[in-house]
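Data block for upload.tsv (TSV, C-alpha atoms and all ligand atoms):
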chain	number	residue	atom	x	y	z
A	1	MET	CA	69.69	92.47	122.70
A	2	ASN	CA	69.02	96.12	121.87
A	3	LEU	CA	72.11	98.28	122.19
A	4	LEU	CA	72.99	101.88	121.49
A	5	GLY	CA	75.48	102.30	118.64
A	6	ILE	CA	77.30	105.60	118.16
A	7	ASP	CA	79.33	106.62	115.13
A	8	ILE	CA	81.73	109.48	115.77
A	9	GLY	CA	83.00	111.28	112.73
A	10	GLY	CA	84.99	114.41	112.04
A	11	SER	CA	81.81	116.32	111.15
A	12	GLY	CA	78.94	114.51	112.89
A	13	MET	CA	78.24	112.26	115.88
A	14	LYS	CA	75.32	109.88	115.25
A	15	GLY	CA	73.51	107.34	117.38
A	16	ALA	CA	70.65	104.85	117.05
A	17	LEU	CA	69.32	101.81	118.86
A	18	VAL	CA	70.31	98.57	117.17
A	19	ASN	CA	69.18	94.99	117.52
A	20	ALA	CA	72.72	93.67	117.91
A	21	GLU	CA	71.66	90.08	117.19
A	22	THR	CA	70.12	90.85	113.79
A	23	GLY	CA	72.06	94.01	112.93
A	24	GLU	CA	68.80	95.91	112.40
A	25	MET	CA	68.56	99.61	113.20
A	26	LEU	CA	65.52	100.14	115.43
A	27	THR	CA	65.26	103.93	115.53
A	28	GLU	CA	65.99	106.92	113.37
A	29	ARG	CA	69.54	108.12	113.80
A	30	PHE	CA	70.08	111.14	116.04
A	31	ARG	CA	72.86	113.37	114.75
A	32	VAL	CA	74.72	116.17	116.49
A	33	PRO	CA	77.50	118.09	114.70
A	34	THR	CA	80.95	117.30	116.06
A	35	PRO	CA	82.04	120.29	118.24
A	36	SER	CA	84.43	122.45	116.24
A	37	SER	CA	87.12	122.22	118.96
A	38	LYS	CA	87.14	118.41	118.42
A	39	LYS	CA	88.41	118.15	122.00
A	40	PRO	CA	87.69	115.32	124.48
A	41	GLU	CA	85.61	117.36	126.98
A	42	ASP	CA	83.37	118.93	124.32
A	43	MET	CA	82.85	115.67	122.48
A	44	SER	CA	82.03	113.74	125.63
A	45	LYS	CA	79.23	116.25	126.34
A	46	VAL	CA	77.73	115.37	122.97
A	47	ILE	CA	78.03	111.66	123.80
A	48	LYS	CA	75.98	112.31	126.92
A	49	LYS	CA	73.41	114.20	124.85
A	50	ILE	CA	73.06	111.25	122.46
A	51	VAL	CA	72.68	108.72	125.31
A	52	ASP	CA	70.10	110.98	127.01
A	53	HIS	CA	68.18	111.46	123.77
A	54	PHE	CA	67.43	107.73	123.66
A	55	GLU	CA	66.75	107.59	127.43
A	56	TYR	CA	69.08	104.63	127.17
A	57	ASP	CA	70.29	102.44	129.97
A	58	GLY	CA	72.88	99.80	129.03
A	59	PRO	CA	76.25	99.27	127.38
A	60	VAL	CA	77.18	101.42	124.39
A	61	GLY	CA	79.24	100.52	121.30
A	62	CYS	CA	81.10	103.39	119.72
A	63	GLY	CA	83.08	103.79	116.48
A	64	PHE	CA	85.83	106.39	116.87
A	65	PRO	CA	87.78	108.06	114.03
A	66	THR	CA	91.32	107.39	115.30
A	67	ILE	CA	93.53	104.43	116.13
A	68	VAL	CA	92.01	102.80	119.23
A	69	LYS	CA	94.15	100.36	121.20
A	70	ASN	CA	92.48	98.73	124.21
A	71	GLY	CA	90.17	101.72	124.48
A	72	VAL	CA	92.98	104.29	124.23
A	73	CYS	CA	93.40	106.79	121.37
A	74	THR	CA	96.99	106.60	120.12
A	75	SER	CA	96.83	108.92	117.09
A	76	PRO	CA	94.51	111.93	116.63
A	77	GLY	CA	93.28	111.34	113.04
A	78	ASN	CA	91.27	114.46	112.21
A	79	LEU	CA	90.42	115.24	115.84
A	80	HIS	CA	92.26	117.50	118.33
A	81	LYS	CA	95.74	116.29	119.29
A	82	SER	CA	94.81	116.26	122.99
A	83	TRP	CA	92.96	112.99	122.30
A	84	VAL	CA	96.27	111.12	122.13
A	85	GLY	CA	96.69	109.00	125.27
A	86	VAL	CA	93.07	109.44	126.36
A	87	ASN	CA	91.26	106.28	127.46
A	88	ILE	CA	88.10	106.88	125.44
A	89	ASP	CA	86.19	104.02	127.10
A	90	GLU	CA	86.82	105.52	130.53
A	91	LEU	CA	86.11	109.11	129.49
A	92	PHE	CA	82.72	108.28	127.96
A	93	THR	CA	81.81	105.93	130.80
A	94	LYS	CA	82.53	108.74	133.24
A	95	ALA	CA	80.50	111.25	131.20
A	96	THR	CA	77.43	109.03	130.89
A	97	GLY	CA	77.53	106.40	133.63
A	98	HIS	CA	77.30	103.68	130.93
A	99	GLU	CA	79.85	101.07	129.96
A	100	PHE	CA	81.47	101.75	126.57
A	101	THR	CA	83.16	99.55	123.97
A	102	VAL	CA	85.12	101.81	121.63
A	103	LEU	CA	86.81	100.73	118.40
A	104	ASN	CA	88.11	102.42	115.27
A	105	ASP	CA	85.23	103.69	113.08
A	106	ALA	CA	86.27	101.87	109.91
A	107	ASP	CA	86.85	98.64	111.85
A	108	ALA	CA	83.36	99.08	113.32
A	109	ALA	CA	81.66	99.75	109.98
A	110	GLY	CA	83.51	96.80	108.43
A	111	TYR	CA	82.35	94.68	111.33
A	112	ALA	CA	78.72	95.41	110.42
A	113	SER	CA	79.36	94.65	106.77
A	114	MET	CA	81.13	91.35	107.53
A	115	ASN	CA	78.31	90.25	109.84
A	116	TYR	CA	75.17	91.57	108.17
A	117	GLY	CA	76.13	93.27	104.95
A	118	ILE	CA	77.73	92.49	101.63
A	119	GLY	CA	80.89	91.18	103.35
A	120	LYS	CA	79.02	88.35	105.05
A	121	GLY	CA	80.63	85.00	104.32
A	122	LYS	CA	83.44	86.56	102.27
A	123	GLU	CA	86.66	84.62	102.84
A	124	GLY	CA	90.25	85.76	102.32
A	125	PHE	CA	91.52	89.29	102.83
A	126	VAL	CA	88.70	91.84	102.72
A	127	LEU	CA	89.37	95.56	103.11
A	128	PHE	CA	86.52	97.83	104.11
A	129	ILE	CA	87.20	101.44	103.13
A	130	THR	CA	85.16	104.30	104.65
A	131	VAL	CA	85.15	107.63	102.90
A	132	GLY	CA	84.35	110.68	105.01
A	133	THR	CA	86.39	113.45	106.61
A	134	GLY	CA	89.23	110.92	106.42
A	135	LEU	CA	89.84	107.64	104.61
A	136	GLY	CA	89.36	104.77	107.04
A	137	SER	CA	90.25	101.13	106.52
A	138	GLY	CA	89.04	98.00	108.28
A	139	ALA	CA	90.89	94.76	107.48
A	140	PHE	CA	89.38	91.28	107.79
A	141	TYR	CA	90.96	87.92	107.11
A	142	ASN	CA	88.51	85.03	106.80
A	143	GLY	CA	86.05	87.26	108.64
A	144	LYS	CA	88.35	88.10	111.54
A	145	LEU	CA	89.20	91.72	112.24
A	146	LEU	CA	92.84	92.85	112.12
A	147	PRO	CA	92.37	96.18	113.92
A	148	ASN	CA	93.74	99.62	113.16
A	149	PHE	CA	94.82	99.45	109.53
A	150	GLU	CA	95.50	103.10	108.65
A	151	LEU	CA	95.74	103.15	104.87
A	152	GLY	CA	94.52	106.75	104.63
A	153	GLN	CA	97.82	107.76	106.26
A	154	ILE	CA	99.97	106.78	103.26
A	155	PRO	CA	101.96	109.87	102.13
A	156	TYR	CA	101.17	111.00	98.60
A	157	LYS	CA	102.90	113.71	96.55
A	158	LYS	CA	102.99	116.92	98.65
A	159	TYR	CA	100.43	115.52	101.11
A	160	SER	CA	101.58	113.99	104.38
A	161	LYS	CA	98.60	111.62	104.10
A	162	ILE	CA	96.65	110.60	101.04
A	163	GLU	CA	93.30	111.17	102.78
A	164	ASP	CA	93.97	114.91	102.56
A	165	TRP	CA	93.80	114.48	98.77
A	166	ALA	CA	91.22	111.76	98.24
A	167	SER	CA	88.62	111.91	101.07
A	168	SER	CA	85.12	113.45	100.93
A	169	ARG	CA	86.52	116.46	102.73
A	170	ALA	CA	89.08	116.99	99.97
A	171	LYS	CA	86.23	116.70	97.44
A	172	GLU	CA	84.23	119.37	99.26
A	173	ASN	CA	87.17	121.69	99.96
A	174	GLU	CA	88.29	121.64	96.35
A	175	ASP	CA	84.77	121.50	94.94
A	176	LEU	CA	85.58	118.44	92.84
A	177	SER	CA	82.96	116.69	90.69
A	178	TYR	CA	82.29	113.01	91.48
A	179	ASP	CA	84.12	112.19	88.29
A	180	LYS	CA	87.28	114.11	89.26
A	181	TRP	CA	87.17	112.88	92.82
A	182	GLY	CA	86.53	109.30	91.62
A	183	LYS	CA	89.79	109.44	89.67
A	184	ARG	CA	91.65	110.36	92.86
A	185	PHE	CA	89.85	107.68	94.84
A	186	ASN	CA	90.81	105.09	92.24
A	187	LYS	CA	94.44	106.20	92.59
A	188	PHE	CA	94.18	105.63	96.34
A	189	LEU	CA	92.69	102.17	95.75
A	190	SER	CA	95.43	101.32	93.25
A	191	ILE	CA	98.13	102.21	95.80
A	192	VAL	CA	96.37	100.09	98.43
A	193	GLU	CA	96.10	97.24	95.92
A	194	LEU	CA	99.81	97.44	95.18
A	195	LEU	CA	100.83	97.55	98.84
A	196	VAL	CA	98.56	95.02	100.52
A	197	ASN	CA	96.80	93.03	97.77
A	198	PRO	CA	93.37	92.34	99.22
A	199	ASP	CA	90.96	89.81	97.65
A	200	LEU	CA	88.06	92.23	97.89
A	201	MET	CA	87.45	95.86	98.79
A	202	ILE	CA	84.14	97.22	100.09
A	203	VAL	CA	83.50	100.96	99.99
A	204	GLY	CA	81.27	102.59	102.62
A	205	GLY	CA	80.65	105.98	104.18
A	206	GLY	CA	78.30	108.73	103.01
A	207	ILE	CA	79.83	108.86	99.54
A	208	SER	CA	78.70	105.32	98.73
A	209	LYS	CA	75.19	106.78	98.21
A	210	LYS	CA	76.58	108.44	95.08
A	211	TRP	CA	78.22	105.22	93.87
A	212	ASN	CA	76.84	105.43	90.34
A	213	GLN	CA	78.44	108.85	89.89
A	214	PHE	CA	82.01	107.61	90.36
A	215	GLU	CA	81.85	103.84	89.86
A	216	HIS	CA	83.08	104.19	86.25
A	217	ARG	CA	86.35	105.62	87.61
A	218	ILE	CA	87.17	102.49	89.60
A	219	THR	CA	89.39	100.49	87.29
A	220	ILE	CA	91.68	98.50	89.58
A	221	ASP	CA	91.97	94.71	89.17
A	222	THR	CA	90.75	93.87	92.67
A	223	LYS	CA	87.00	93.47	92.97
A	224	VAL	CA	85.40	96.55	94.59
A	225	LEU	CA	81.83	96.52	95.95
A	226	LYS	CA	79.57	99.16	97.42
A	227	ALA	CA	78.68	98.65	101.10
A	228	GLU	CA	74.93	98.01	101.10
A	229	LEU	CA	74.41	99.11	104.70
A	230	MET	CA	75.92	102.42	103.62
A	231	ASN	CA	76.04	105.05	106.33
A	232	HIS	CA	74.26	102.88	108.87
A	233	ALA	CA	77.17	100.44	109.13
A	234	GLY	CA	78.99	102.98	111.30
A	235	ILE	CA	76.22	102.74	113.92
A	236	ILE	CA	75.30	99.06	113.59
A	237	GLY	CA	78.94	97.88	113.67
A	238	PRO	CA	79.94	99.18	117.10
A	239	ALA	CA	76.69	97.91	118.66
A	240	VAL	CA	77.34	94.42	117.25
A	241	ALA	CA	81.01	94.56	118.28
A	242	CYS	CA	79.92	95.57	121.79
A	243	LEU	CA	77.59	92.58	122.04
A	244	HIS	CA	80.27	90.18	120.77
A	245	GLU	CA	82.75	91.55	123.23
A	246	LYS	CA	80.26	91.02	126.05
A	247	HIS	CA	79.69	87.41	124.95
A	248	HIS	CA	83.26	86.42	124.14
A	249	GLY	CA	85.40	88.86	126.12
A	250	HIS	CA	86.89	89.98	122.80
A	251	LEU	CA	85.70	90.87	119.32
A	252	GLN	CA	84.72	87.79	117.41
A	253	LEU	CA	82.97	87.19	114.11
B	301	LIG	C1	91.97	108.16	110.96
B	301	LIG	C2	91.41	106.75	110.98
B	301	LIG	C3	89.92	106.80	110.70
B	301	LIG	C4	89.63	107.54	109.42
B	301	LIG	C5	88.15	107.64	109.12
B	301	LIG	C6	91.58	108.87	109.69
B	301	LIG	O1	92.00	110.20	109.75
B	301	LIG	O2	93.38	108.15	111.07
B	301	LIG	O3	91.67	106.15	112.22
B	301	LIG	O4	89.42	105.48	110.62
B	301	LIG	O5	90.17	108.84	109.49
B	301	LIG	O6	87.48	108.35	110.08

Starting from the file, lay out its structure as structure tokens.
Ligand code: BGC
Amino acid sequence: MNLLGIDIGGSGMKGALVNAETGEMLTERFRVPTPSSKKPEDMSKVIKKIVDHFEYDGPVGCGFPTIVKNGVCTSPGNLHKSWVGVNIDELFTKATGHEFTVLNDADAAGYASMNYGIGKGKEGFVLFITVGTGLGSGAFYNGKLLPNFELGQIPYKKYSKIEDWASSRAKENEDLSYDKWGKRFNKFLSIVELLVNPDLMIVGGGISKKWNQFEHRITIDTKVLKAELMNHAGIIGPAVACLHEKHHGHLQL
């Protein structure tokens, strides 16, 4: 079944058609910058634009960069605070006329990795970390998703959340080299390792393309792998999750 997957981030909103049975991306991705207001009305207009671009008719899977509980945003992440309490599923369905399945972006990207990427078949506790405007985390135990882990929210030094110090946005804002940023990222991973002790961590998001420029900085004991699907996991994951939800009535791996 071909489904539209949409990855919503703090800086860009991207969509592509995906074969949700094989996890293959069938089209180029179409990207629209996230409206600077980061408000529900403005962002739902972009969602409509993405759906229209593909002349798509069918259910849509969408990764969203906040906590998502039963389709409702319960914490704003790096978006506008007016998102809190909004039923994202309903809002986007109303804007487009299509049924939506919305889940946290890192959960969605991890979902792709655990089904079709490097995480496939990996048992135990696997943490998928996405590095972008924020630091997202998707947790899987024996392949099953434990939704809404928010490890980027850990306070660190003067920062109310460590993602403000160790995300790609922090790297850009402070003009850090990959080496300097990699040292910070490793600190983040070491705190995560200490707190939740995963068996494996997988790192995705745009920055994973530059893996060889910061890999030498990753020195924690836990095994850390680069997400092979890279940036596409954010689009493939929600489409696959949407299909699974249709088949099983809930997300299932
Ligand atoms: C949000 C998470 C999200 C992450 C990556 C954080 O600011 O709290 O829900 O997964 O950014 O987008």

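Taking all atoms listed in the file, the non-local environment of region 80-88 of chain A within 9 Å (same-chain residues fewer than 5 positions away omitted) comprises Ser37, Lys38, Lys39, Pro40, Phe64, Val68, Asn70, Gly71, Val72, Cys73, Thr74, Ser75, Thr93, Phe100, Thr101 and Val102 of chain A.
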
Protein and nucleic acid residues within 9 Å of ligand LIG 301 (chain B) (all atoms listed in the file) as JSON, numbers by chain: {"A": [8, 9, 10, 63, 64, 65, 66, 67, 68, 75, 76, 77, 78, 79, 104, 105, 106, 107, 129, 130, 131, 132, 133, 134, 135, 136, 137, 138, 148, 149, 150, 151, 152, 153, 161, 163, 164]}

Atomic separation - CA of Ser11 (chain A) relative to CA of Pro155 (chain A), Å: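 For CA of Pro155 (chain A) relative to CA of Ser11 (chain A), the distance reads 23.0 Å.
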
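Taking all atoms listed in the file, the non-local environment of region 240-249 of chain A within 9 Å (same-chain residues fewer than 3 positions away omitted) comprises Met1, Leu3, Gly5, Val18, Asn19, Ala20, Glu21, Thr22, Gly23, Pro59, Val60, Gly61, Cys62, Phe100, Thr101, Val102, Leu103, Ala108, Tyr111, Ala112, Asn115, Ile236, Gly237, Gln252 and Leu253 of chain A.
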
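You will find CA of Ile118 (chain A) at 8.0 Å from CA of Leu229 (chain A).
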
Give me the residues near Glu123 (chain A) as a PyMOL selection string, where near means some atom within 9 Å (using only C-alpha atoms) and where sequence neighbours in that chain fewer than 5 positions away do not count. chain A and resi 140-143+199

So which one's closest to Val32 (chain A), A:Glu193, A:Asp7, A:Asp89, A:Glu55? Using all atoms listed in the file, please. A:Asp7

Using all atoms listed in the file, which residue out of A:Asn197, A:Lys226, A:Lys45, A:Asn173 lies closest to Lys210 (chain A)? A:Lys226

As an exercise, work out the distance from CA of Phe214 (chain A) to CA of Lys14 (chain A) in Å and give it to one decimal place.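 CA of Phe214 (chain A) sits 25.9 Å away from CA of Lys14 (chain A).
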
Show which residues sit within 7 Å of Ile235 (chain A), as a VMD selection string. Count all atoms listed in the file, and ignore same-chain residues fewer than 3 positions away. chain A and resid 5 to 7 15 to 16 232 238 to 239

Residue among A:Lys171, A:Gln213, A:Ala139, A:Asp52 lying closest to Gly119 (chain A), counting all atoms listed in the file: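 Of A:Lys171, A:Gln213, A:Ala139, A:Asp52, the one nearest Gly119 (chain A), counting all atoms listed in the file, is A:Ala139.
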
Name all residues at most 8 Å from Pro198 (chain A) (count all atoms listed in the file; drop same-chain ones fewer than 5 positions away) and give them as a list in words. Gly124, Phe125, Val126, Leu127, Glu193 and Thr222 of chain A
